[in-house]
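What follows is a single structure, written as structure tokens, with notes after it.
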Amino acid sequence: MNSQNMTRDARLRAVSWEALPEAAERMTGPDALMLNMESASNPMHTLKVAVLDTSRRGRPVELAELAALLPQYLGKFPRATQRIQWVRGCSARPYWVPDTDFDVTRHLDERRVSAPGRRADLDAVLSDLAVEQLDRDHPLWALTLVHGLEGGRQAIVVRVHHAVADGLAVLNTFMAATAEPGHAVEPAPVAVPADDVDTRALSRSARAESRRLARELPALVKAVRRSVAQRRKVENADRIPKPLTARRTSFNSRSGATRVCASADIPLYAVQQIALAANTTVNGALHGIIAGAIREELIARGEEPGASVTIFGVCKDLTSSRTYGNEIATSSAYLRSDLADPVERIVATGESCAAAVACRREVGFELTEKLSTYTGRLGPFFRSVAADLMPVVMNNITTANLPGPRTTRWAGDVEVVDWISFALAIAPADVNLTTYSYAGRLSMGLIATPESMPDPAGFLRRVSAAVDEAADALGIRSMAQEAS
């Protein structure tokens with residue numbers, strides 16, 4: 001590009017941003033994709049669960065306390081007080097603007113389970129909350145305080161739309177909202193502008209950006225071609241599934257709007273030992289263990305346990321401290337549920353996961369971000385049309401695995417004894433298993449449709465059994481027993 005064109009493009013970009021009010025922010029392509037994927041039968045909010053032990057303070061947390069306390073800290077998290085603003089010319093990618101009518105009590109409610117509420121009772125509440133979609137007229141989050149859990153414990157369940165934050169951003173939010181024992185979180189009071197943003201300025205900005213995107217389209221097409229060629233040349237490409245080649249299984253059943261949730265945990269130490277003995281990563285070992293659970297699940301359903309395919313997100317920057325936004329790109333890997341030998345299964349799955357991550361890092365993230373800017377509505381449309389019709393699918397299960405804190409976190413004198421994350425069950429791959437390491441355990445949150453996963457708690461028991469199977473096969477059973 002010559003200097004004259006560079007000067008012209010820079011000038012046009014400046015015009016676009018100068019027309020944008022300071023308090024407004026255009027939704028990024030990845031964020032808008034998450035927003036547009038939502039429908040009446042496809043909720044796009046995630047669930048983040050903090051299980052609280054209030055024994056040190058000697059009394060439970062009350063909803064009124066949260067209503068008084070939260071505004072003192074929500075200033076740390078910009079999206080907490082921003083709503084969506086649609087204006088003419090930007091329906092696919094609206095704006096984040098301040099909610100000048102922000103009222104924290106609008107985002108709070110509470111539930112009670114019959115004491116002593118066990119994990120299954122909490123999971124039942126989560127299944128209900130998983131389909132209660134958020135009010136788009138206000139910031140896209142809600143908090144539910146759950147009473148009656150075993151041992152006098154409580155749970156805080158936060159529903160947050162995936163347009164607001166991906167897994168890393170939510171983890172960073174959790175870390176910023178809690179502290180190590182004996183430490184306090186610095187207050188950051190909410191400051192909401194009194195006046196609404198001028199929508200005419202937003203329209204002018206959107207039109208200017210649309211003109212810029214139109215000019216950049218030929219360059220995008222060339223970038224796509226380069227990316228396709230680059231993917232073909234990456235090392236170990238044969239270990240990475242090609243798009244739309246996964247055979248349908250009962251994990252990809254035609255489904256409706258209902259969701260089911262289940263939670264459990266496995267010892268982190270046991271998975272680390274398996275990874276060390278199998279000469280793979282913790283991520284590879286974990287996915288190999290999940291492959292073992294899938295194999296047993298398919299056999300129990302009377303299906304042939306062929307190789308399964310997972311899609312998982314790779315973070316652009318794991319060191320980032322951002323508390324909002326989606327900066328991930330997806331990768332796919334084989335879960336070798338076709339292999340009967342647990343050691344072979346873990347090694348082969350680990351190799352595929354490693355190749356998938358390496359490919360994503362080599363190809364990069366920028367193209368994914370740019371494409372979603374142009375296809376904010378097209379992707380969701382084709383998914384909704386083809387989800388139940390395609391004879392093959394992108395993946396059989398969706399997974400996520402993120403490293404969390406090594407010790408429990410605290411909110412004042414309240415200990416967070418467990419931290420569980422549930423992502424999205426999106427057809428045609430309606431089974432999603434998210435794991436976070438937390439205080440020496442791998443905490444698992446499984447969300448699915450009942451058609452694709454009739455017994456989610458039973459599947460998580462299969463995951464635990466697959467840990468034992470792998471440890472036995474690798475000769476480290478005693479270590480796994482000690483860790484548990």
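Simple scheme: letters A, B, ... for chains in structure tokens order, numbers from 1 for residues in each chain, numbers from 1 for ligands in the order shown.
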Residue neighbourhood A:Gly404, 10 Å, only C-alpha atoms, exclusion window fewer than 6 positions, as a PyMOL selection string
chain A and resi 168+171-172+174-175+419+435-443
Name all residues at most 8 Å from stretch 232-238 of chain A (count only C-alpha atoms; drop same-chain ones fewer than 2 positions away) and give them as a list in words.
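Everything that qualifies: Val228, Ala229, Gln230, Ile240, Pro241, Ala355, Cys359 and Glu362 of chain A.
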With only C-alpha atoms as the atoms that count, which of A:Ala176, A:Glu303, A:Asp53, A:Arg254 lies nearest to A:Ala386?
A:Arg254
Which value, in Å to one decimal, gives the distance between atom CA of A:Asp468 and atom CA of A:Val343?
12.0 Å
Residues of stretch 177-260 of chain A that have any atom at most 12 Å from an atom of stretch 102-110 of chain A: could you tabulate them with the shortest-distance atom pair and the distance in Å to one decimal, using only C-alpha atoms, ordered by chain and increasing number, as CSV?
```
residue,atom,partner,partner_atom,distance
A:Val190,CA,A:Phe102,CA,9.7
A:Ala191,CA,A:Phe102,CA,10.1
A:Val192,CA,A:Phe102,CA,7.6
A:Pro193,CA,A:Phe102,CA,10.1
A:Ala194,CA,A:Phe102,CA,10.3
A:Asp196,CA,A:Phe102,CA,11.8
```
Using N, CA and C atoms, can you export the residues from the last selection as a compact mmCIF listing (two decimals), in the first residue's frame?
```
# COMPACT_ATOMS: atom_id res chain seq x y z
N VAL A 190 -19.12 2.34 41.37
CA VAL A 190 -19.76 2.53 40.08
C VAL A 190 -19.91 4.02 39.80
N ALA A 191 -19.61 4.40 38.56
CA ALA A 191 -19.81 5.79 38.14
C ALA A 191 -20.51 5.76 36.79
N VAL A 192 -21.81 5.99 36.77
CA VAL A 192 -22.60 5.92 35.54
C VAL A 192 -22.95 7.34 35.09
N PRO A 193 -22.67 7.68 33.83
CA PRO A 193 -23.04 9.02 33.33
C PRO A 193 -24.54 9.27 33.44
N ALA A 194 -24.90 10.52 33.60
CA ALA A 194 -26.31 10.85 33.77
C ALA A 194 -27.05 10.91 32.43
N ASP A 196 -27.74 9.90 28.32
CA ASP A 196 -27.61 8.84 27.33
C ASP A 196 -26.72 9.29 26.18
```
A straight line from atom CA of A:Pro456 to atom CA of A:Val431 spans 9.1 Å
Please provide the set of residues having any atom within 9 Å of A:Leu33, restricted to only C-alpha atoms, with same-chain residues fewer than 4 positions apart removed, written as JSON, numbers by chain.
{"A": [28, 29, 37, 92, 93, 163, 372, 373, 375, 376, 377, 379, 380]}
Under the rule that only C-alpha atoms are counted, which of A:Ala223, A:Leu298, A:Val463, A:Leu213 is the nearest residue to A:Gly364?
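The closest residue to A:Gly364 is A:Ala223.
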Where does stretch 342-438 of chain A meet stretch 38-44 of chain A within 12 Å, residue by residue, with the nearest atom pair and distance in Å to one decimal for each, counting only C-alpha atoms, listed by chain and rising number, as CSV?
```
residue,atom,partner,partner_atom,distance
A:Gly376,CA,A:Glu38,CA,11.8
A:Arg377,CA,A:Glu38,CA,10.7
A:Gly379,CA,A:Glu38,CA,11.6
A:Pro380,CA,A:Glu38,CA,8.2
A:Phe381,CA,A:Glu38,CA,10.5
A:Arg383,CA,A:Asn42,CA,11.2
A:Ser384,CA,A:Ser39,CA,9.3
A:Ala387,CA,A:Asn42,CA,11.8
A:Phe422,CA,A:Met44,CA,11.1
A:Ala423,CA,A:Met44,CA,8.5
A:Leu424,CA,A:Met44,CA,6.4
A:Ala425,CA,A:Asn42,CA,7.8
A:Ile426,CA,A:Asn42,CA,6.6
A:Ala427,CA,A:Asn42,CA,8.1
A:Pro428,CA,A:Asn42,CA,11.0
A:Asp430,CA,A:Asn42,CA,10.2
```
The selected residues should be written to file as a PDB file, in the first residue's frame (atoms: C-alpha atoms).
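Contents of part_27.pdb, freshly written:
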```
ATOM      1  CA  GLY A 376     -21.791 -11.518  12.657  1.00  0.00           C
ATOM      2  CA  ARG A 377     -25.179 -12.758  11.425  1.00  0.00           C
ATOM      3  CA  GLY A 379     -22.663 -17.850  11.006  1.00  0.00           C
ATOM      4  CA  PRO A 380     -25.598 -18.035  13.427  1.00  0.00           C
ATOM      5  CA  PHE A 381     -28.042 -18.224  10.508  1.00  0.00           C
ATOM      6  CA  ARG A 383     -25.880 -22.957  12.139  1.00  0.00           C
ATOM      7  CA  SER A 384     -29.577 -22.688  12.940  1.00  0.00           C
ATOM      8  CA  ALA A 387     -27.739 -27.939  12.838  1.00  0.00           C
ATOM      9  CA  PHE A 422     -20.569 -23.880  32.787  1.00  0.00           C
ATOM     10  CA  ALA A 423     -20.342 -22.727  29.179  1.00  0.00           C
ATOM     11  CA  LEU A 424     -22.780 -23.189  26.288  1.00  0.00           C
ATOM     12  CA  ALA A 425     -24.658 -26.138  24.802  1.00  0.00           C
ATOM     13  CA  ILE A 426     -25.023 -25.166  21.147  1.00  0.00           C
ATOM     14  CA  ALA A 427     -26.540 -27.485  18.539  1.00  0.00           C
ATOM     15  CA  PRO A 428     -25.483 -29.661  16.899  1.00  0.00           C
ATOM     16  CA  ASP A 430     -24.959 -30.036  22.610  1.00  0.00           C
TER      17      ASP A 430
END
```
Write out as an mmCIF file with N, CA and C atoms, in the first residue's frame each polymer residue whose atoms come within 7 Å of A:Gly350, counting only C-alpha atoms; drop sequence neighbours fewer than 5 positions from it.
```cif
data_model
loop_
_atom_site.group_PDB
_atom_site.id
_atom_site.type_symbol
_atom_site.label_atom_id
_atom_site.label_comp_id
_atom_site.auth_asym_id
_atom_site.auth_seq_id
_atom_site.Cartn_x
_atom_site.Cartn_y
_atom_site.Cartn_z
ATOM 1 N N THR A 280 2.853 -36.343 28.082
ATOM 2 C CA THR A 280 1.991 -35.383 27.407
ATOM 3 C C THR A 280 1.725 -34.221 28.356
ATOM 4 N N THR A 281 0.913 -33.291 27.943
ATOM 5 C CA THR A 281 0.564 -32.152 28.781
ATOM 6 C C THR A 281 -0.639 -32.494 29.660
ATOM 7 N N GLY A 284 -3.550 -32.459 27.408
ATOM 8 C CA GLY A 284 -3.627 -33.678 26.622
ATOM 9 C C GLY A 284 -4.122 -34.851 27.433
ATOM 10 N N ALA A 285 -3.617 -34.980 28.667
ATOM 11 C CA ALA A 285 -4.059 -36.070 29.536
ATOM 12 C C ALA A 285 -5.533 -35.935 29.876
ATOM 13 N N GLY A 288 -7.556 -36.950 26.987
ATOM 14 C CA GLY A 288 -7.506 -38.393 26.846
ATOM 15 C C GLY A 288 -8.420 -39.088 27.837
#
```
Among stretch 184-381 of chain A, which ones does DSSP place in helix (DSSP H, G or I), written as number ranges by chain?
A: 199-233, 237-239, 250-252, 268-278, 282-300, 342-363, 366-374, 378-381
Residues near A:Met394, cut-off 12 Å, only C-alpha atoms, skip fewer than 6 positions along chain, as a short mmCIF file (atom, residue, chain, number, x, y, z; two decimals) with C-alpha atoms, in the first residue's frame:
```cif
data_model
loop_
_atom_site.label_atom_id
_atom_site.label_comp_id
_atom_site.auth_asym_id
_atom_site.auth_seq_id
_atom_site.Cartn_x
_atom_site.Cartn_y
_atom_site.Cartn_z
CA PRO A 241 -9.60 -33.01 12.17
CA LYS A 242 -10.69 -31.31 8.98
CA PRO A 243 -13.88 -29.17 9.18
CA LEU A 244 -17.21 -30.98 8.96
CA THR A 245 -15.78 -34.50 9.08
CA ALA A 246 -16.98 -35.66 12.50
CA ARG A 247 -19.56 -38.42 12.34
CA ARG A 248 -22.79 -37.76 14.19
CA THR A 249 -23.31 -39.65 17.42
CA ASN A 252 -25.40 -34.64 18.45
CA SER A 308 -14.64 -38.29 18.52
CA VAL A 309 -13.89 -34.67 17.76
CA THR A 310 -13.73 -31.82 20.25
CA ILE A 311 -13.62 -28.09 19.66
CA PHE A 312 -11.97 -25.93 22.29
CA THR A 330 -11.28 -22.32 18.19
CA SER A 331 -9.23 -25.42 17.46
CA SER A 332 -10.37 -28.98 16.91
CA ALA A 333 -8.70 -32.20 18.03
CA TYR A 334 -9.35 -35.91 17.97
CA ARG A 383 -25.88 -22.96 12.14
CA ALA A 386 -28.07 -26.80 9.22
CA ALA A 387 -27.74 -27.94 12.84
CA ILE A 426 -25.02 -25.17 21.15
CA ALA A 427 -26.54 -27.49 18.54
CA PRO A 428 -25.48 -29.66 16.90
CA ALA A 429 -22.78 -30.30 19.53
CA ASP A 430 -24.96 -30.04 22.61
#
```
Show me, as CSV, the residues of stretch 236-326 of chain A having an atom within 12 Å of stretch 125-131 of chain A, each with the closest atom pair and its distance in Å, using only C-alpha atoms.
```
residue,atom,partner,partner_atom,distance
A:Gly256,CA,A:Val131,CA,10.9
A:Ala257,CA,A:Val131,CA,7.3
A:Thr258,CA,A:Val131,CA,6.8
A:Arg259,CA,A:Ser127,CA,5.7
A:Val260,CA,A:Ser127,CA,4.8
A:Cys261,CA,A:Ser127,CA,5.1
A:Ala262,CA,A:Ser127,CA,8.3
A:Ser263,CA,A:Leu126,CA,9.9
```
Which residues come within 10 Å of A:Ala206, counting only C-alpha atoms, excluding same-chain residues fewer than 2 positions away, as a count of residues only?
23
Which of these residues is nearest to A:Ile294, using only C-alpha atoms: A:Arg360, A:Arg406, A:His183, A:Arg461?
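Closest residue, counting only C-alpha atoms: A:Arg461.
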Go through stretch 117-164 of chain A and flag each residue having an atom no more than 8 Å from stretch 60-65 of chain A; for those, report the closest pair of atoms plus their distance in Å to one decimal, using only C-alpha atoms, ordered by chain and rising number, as a Markdown table.
```
| residue | atom | partner | partner_atom | distance |
| --- | --- | --- | --- | --- |
| A:Leu145 | CA | A:Leu63 | CA | 6.9 |
| A:Gly152 | CA | A:Pro60 | CA | 8.0 |
| A:Arg153 | CA | A:Pro60 | CA | 8.0 |
| A:Gln154 | CA | A:Pro60 | CA | 7.6 |
```
Write out the residues from the selection above, keeping N, CA and C atoms, as an mmCIF file, in the first residue's frame.
```
data_model
loop_
_atom_site.group_PDB
_atom_site.id
_atom_site.type_symbol
_atom_site.label_atom_id
_atom_site.label_comp_id
_atom_site.auth_asym_id
_atom_site.auth_seq_id
_atom_site.Cartn_x
_atom_site.Cartn_y
_atom_site.Cartn_z
ATOM 1 N N LEU A 145 -28.289 -15.790 44.534
ATOM 2 C CA LEU A 145 -27.747 -16.304 45.792
ATOM 3 C C LEU A 145 -28.552 -17.545 46.173
ATOM 4 N N GLY A 152 -24.198 -25.790 55.714
ATOM 5 C CA GLY A 152 -24.479 -24.369 55.896
ATOM 6 C C GLY A 152 -23.899 -23.487 54.807
ATOM 7 N N ARG A 153 -23.445 -24.089 53.713
ATOM 8 C CA ARG A 153 -22.828 -23.312 52.642
ATOM 9 C C ARG A 153 -23.876 -22.654 51.745
ATOM 10 N N GLN A 154 -23.410 -21.696 50.981
ATOM 11 C CA GLN A 154 -24.241 -21.001 50.004
ATOM 12 C C GLN A 154 -23.507 -20.992 48.661
#
```
